[in-house]
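Engineer: Take this structure, written in structure tokens, and hold onto it; I'll ask about it next.
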Amino acid sequence: MDTRLIIPLDEFPEEGLRLNGSLDASIFGIDSEALQSTGPLEYELEAQLFETELVIQGNISAAFRLRCDRCLTHFDYTCAPDSLALSYEVKGKSALDITDDLREELILALPCYPKCELSGEECEINNDFGDFRLDKDPLSGVDSSTPSGKSVWDALDQFPTE
């Protein structure tokens, strides 16, 4: 599997270039307890050359294994930003490597605070300590109780103290 996506600019087709394929998951360089890349970077892109500017649009995605920030269990998540649009100045270049930019777009689209609900699973914290779902109606004011009547802080009382 390829590890770089290099677009040749010599004799670039006037109608543009369609790029489909995969890049090896090793391009992410990620393998930690909280985040692991589990699949290749998939891409479907269209490249168009306008004089000295190359415009690339399309879709990218990759599979990851994340750790829930609430219950610390792992879940699978496919990161697929809504759309991709990149622009490059290519005057005097014969080829362009866009691998690092694709990698960066996906990493920036990963959730900052991953929760089980992102994969469609129910978080264990919701079952044990009340309703902390991401899609529930926000509560107004400073009342920190959930619909079950428990405080969102009750989960902290379960940690042992010294």
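How things are named: the first chain in the structure tokens is A, the next is B, and so on; residues count from 1 in each chain; ligands count from 1 in the order shown.
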Mind the document's chain letters and residue numbers, and return as a PyMOL selection string the residues of range 22-143 of chain A that DSSP labels strand (DSSP E).
Structural biologist: chain A and resi 22-23+35-37+41-50+53-67+74-79+84-89+95-97
Engineer: Deliver the residues from the most recent selection as a file, using N, CA and C atoms, as a short mmCIF file (atom, residue, chain, number, x, y, z; two decimals), in the first residue's frame.
Structural biologist:
```
data_model
loop_
_atom_site.label_atom_id
_atom_site.label_comp_id
_atom_site.auth_asym_id
_atom_site.auth_seq_id
_atom_site.Cartn_x
_atom_site.Cartn_y
_atom_site.Cartn_z
N SER A 22 -5.91 4.51 -1.36
CA SER A 22 -5.64 4.40 0.07
C SER A 22 -4.18 4.66 0.35
N LEU A 23 -3.93 5.18 1.53
CA LEU A 23 -2.56 5.36 2.02
C LEU A 23 -2.43 4.57 3.31
N LEU A 35 -5.37 6.59 21.54
CA LEU A 35 -5.66 6.79 20.12
C LEU A 35 -4.77 5.88 19.27
N GLN A 36 -5.40 5.09 18.41
CA GLN A 36 -4.67 4.22 17.51
C GLN A 36 -5.29 4.31 16.13
N SER A 37 -4.46 4.35 15.10
CA SER A 37 -4.98 4.27 13.74
C SER A 37 -5.16 2.80 13.41
N LEU A 41 -5.83 5.52 5.24
CA LEU A 41 -6.47 6.78 4.86
C LEU A 41 -7.05 6.55 3.46
N GLU A 42 -8.36 6.63 3.34
CA GLU A 42 -9.05 6.45 2.07
C GLU A 42 -9.31 7.84 1.47
N TYR A 43 -9.14 7.97 0.16
CA TYR A 43 -9.38 9.26 -0.47
C TYR A 43 -10.09 9.11 -1.81
N GLU A 44 -10.94 10.08 -2.10
CA GLU A 44 -11.59 10.27 -3.39
C GLU A 44 -11.49 11.76 -3.68
N LEU A 45 -10.57 12.12 -4.56
CA LEU A 45 -10.25 13.52 -4.79
C LEU A 45 -10.33 13.88 -6.26
N GLU A 46 -10.59 15.14 -6.50
CA GLU A 46 -10.51 15.70 -7.85
C GLU A 46 -9.54 16.86 -7.81
N ALA A 47 -8.59 16.86 -8.73
CA ALA A 47 -7.59 17.92 -8.80
C ALA A 47 -7.76 18.67 -10.12
N GLN A 48 -7.71 19.98 -10.03
CA GLN A 48 -7.85 20.82 -11.21
C GLN A 48 -6.75 21.88 -11.18
N LEU A 49 -6.09 22.06 -12.31
CA LEU A 49 -5.01 23.03 -12.42
C LEU A 49 -5.53 24.30 -13.09
N PHE A 50 -5.36 25.43 -12.41
CA PHE A 50 -5.73 26.75 -12.93
C PHE A 50 -4.46 27.59 -13.01
N GLU A 53 -2.09 27.45 -10.03
CA GLU A 53 -2.72 27.01 -8.79
C GLU A 53 -3.39 25.65 -8.99
N LEU A 54 -3.10 24.72 -8.09
CA LEU A 54 -3.73 23.42 -8.11
C LEU A 54 -4.78 23.39 -7.00
N VAL A 55 -6.03 23.10 -7.37
CA VAL A 55 -7.12 23.02 -6.41
C VAL A 55 -7.54 21.56 -6.28
N ILE A 56 -7.62 21.10 -5.06
CA ILE A 56 -8.00 19.71 -4.78
C ILE A 56 -9.23 19.72 -3.89
N GLN A 57 -10.25 18.96 -4.31
CA GLN A 57 -11.49 18.84 -3.54
C GLN A 57 -11.87 17.37 -3.46
N GLY A 58 -12.60 17.02 -2.42
CA GLY A 58 -13.07 15.65 -2.32
C GLY A 58 -13.30 15.22 -0.89
N ASN A 59 -13.17 13.91 -0.68
CA ASN A 59 -13.45 13.32 0.62
C ASN A 59 -12.30 12.42 1.06
N ILE A 60 -12.05 12.43 2.37
CA ILE A 60 -11.05 11.55 2.96
C ILE A 60 -11.65 10.94 4.22
N SER A 61 -11.13 9.77 4.61
CA SER A 61 -11.58 9.13 5.85
C SER A 61 -10.52 8.15 6.32
N ALA A 62 -10.60 7.81 7.60
CA ALA A 62 -9.70 6.80 8.18
C ALA A 62 -10.33 6.26 9.45
N ALA A 63 -10.01 5.01 9.76
CA ALA A 63 -10.55 4.36 10.95
C ALA A 63 -9.55 4.48 12.10
N PHE A 64 -10.11 4.73 13.29
CA PHE A 64 -9.30 4.88 14.49
C PHE A 64 -9.94 4.11 15.64
N ARG A 65 -9.17 3.82 16.64
CA ARG A 65 -9.67 3.25 17.89
C ARG A 65 -9.37 4.29 18.96
N LEU A 66 -10.43 4.80 19.59
CA LEU A 66 -10.31 5.86 20.59
C LEU A 66 -10.68 5.34 21.97
N ARG A 67 -10.24 6.04 22.98
CA ARG A 67 -10.62 5.73 24.36
C ARG A 67 -11.59 6.79 24.84
N HIS A 74 -12.51 1.42 25.08
CA HIS A 74 -12.13 1.74 23.71
C HIS A 74 -13.30 1.50 22.76
N PHE A 75 -13.35 2.30 21.70
CA PHE A 75 -14.38 2.13 20.68
C PHE A 75 -13.81 2.51 19.33
N ASP A 76 -14.42 1.95 18.28
CA ASP A 76 -13.99 2.23 16.91
C ASP A 76 -14.70 3.47 16.38
N TYR A 77 -13.97 4.27 15.63
CA TYR A 77 -14.51 5.54 15.12
C TYR A 77 -13.92 5.79 13.74
N THR A 78 -14.77 6.14 12.81
CA THR A 78 -14.30 6.52 11.48
C THR A 78 -14.34 8.03 11.37
N CYS A 79 -13.19 8.61 11.16
CA CYS A 79 -13.07 10.06 11.02
C CYS A 79 -13.22 10.40 9.54
N LEU A 84 -13.25 18.32 1.79
CA LEU A 84 -11.85 18.72 1.77
C LEU A 84 -11.65 19.68 0.62
N ALA A 85 -10.95 20.76 0.87
CA ALA A 85 -10.59 21.71 -0.18
C ALA A 85 -9.19 22.24 0.12
N LEU A 86 -8.27 21.98 -0.80
CA LEU A 86 -6.89 22.41 -0.65
C LEU A 86 -6.46 23.18 -1.89
N SER A 87 -5.57 24.12 -1.71
CA SER A 87 -5.07 24.92 -2.83
C SER A 87 -3.56 25.06 -2.68
N TYR A 88 -2.86 24.91 -3.82
CA TYR A 88 -1.41 24.97 -3.81
C TYR A 88 -0.90 25.84 -4.95
N GLU A 89 0.14 26.60 -4.68
CA GLU A 89 0.88 27.33 -5.72
C GLU A 89 1.88 26.33 -6.29
N ALA A 95 6.01 18.04 -9.48
CA ALA A 95 5.17 17.12 -8.72
C ALA A 95 4.84 17.75 -7.37
N LEU A 96 3.76 17.27 -6.76
CA LEU A 96 3.32 17.82 -5.48
C LEU A 96 2.92 16.67 -4.56
N ASP A 97 3.52 16.63 -3.37
CA ASP A 97 3.21 15.61 -2.37
C ASP A 97 2.20 16.20 -1.39
#
```
Engineer: Considering only C-alpha atoms, can you say which of A:Cys116, A:Ser26, A:Met1, A:Leu156 comes closest to Cys71 in chain A?
Structural biologist: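 Among the listed residues, the smallest separation from Cys71 in chain A belongs to A:Cys116.
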Engineer: Counting only C-alpha atoms, what is within 12 Å of Ser94 in chain A, bar same-chain residues fewer than 2 positions away, as a ChimeraX atom specification?
Structural biologist: /A:6-12,52,89-92,96-97
Engineer: Can you write just those residues out, C-alpha atoms, as a PDB file, in the first residue's frame?
Structural biologist:
```
ATOM      1  CA  ILE A   6       2.263  12.525  -5.097  1.00  0.00           C
ATOM      2  CA  ILE A   7       0.472  14.352  -7.894  1.00  0.00           C
ATOM      3  CA  PRO A   8       2.497  14.678 -11.119  1.00  0.00           C
ATOM      4  CA  LEU A   9       2.207  18.148 -12.615  1.00  0.00           C
ATOM      5  CA  ASP A  10       4.050  17.539 -15.890  1.00  0.00           C
ATOM      6  CA  GLU A  11       1.496  17.102 -18.667  1.00  0.00           C
ATOM      7  CA  PHE A  12      -1.414  17.612 -16.245  1.00  0.00           C
ATOM      8  CA  THR A  52      -0.233  28.168 -11.429  1.00  0.00           C
ATOM      9  CA  GLU A  89       0.882  27.327  -5.716  1.00  0.00           C
ATOM     10  CA  VAL A  90       2.639  25.004  -8.173  1.00  0.00           C
ATOM     11  CA  LYS A  91       4.596  27.369 -10.413  1.00  0.00           C
ATOM     12  CA  GLY A  92       7.867  25.709 -11.404  1.00  0.00           C
ATOM     13  CA  LEU A  96       3.323  17.818  -5.481  1.00  0.00           C
ATOM     14  CA  ASP A  97       3.209  15.606  -2.370  1.00  0.00           C
TER      15      ASP A  97
END
```
Engineer: Could you tell me, as an NGL selection string, which residues of chain A DSSP assigns to helix (DSSP H, G or I) when given the backbone?
Structural biologist: :A and (25-28 or 99-109 or 116-119 or 124-129 or 154-158)
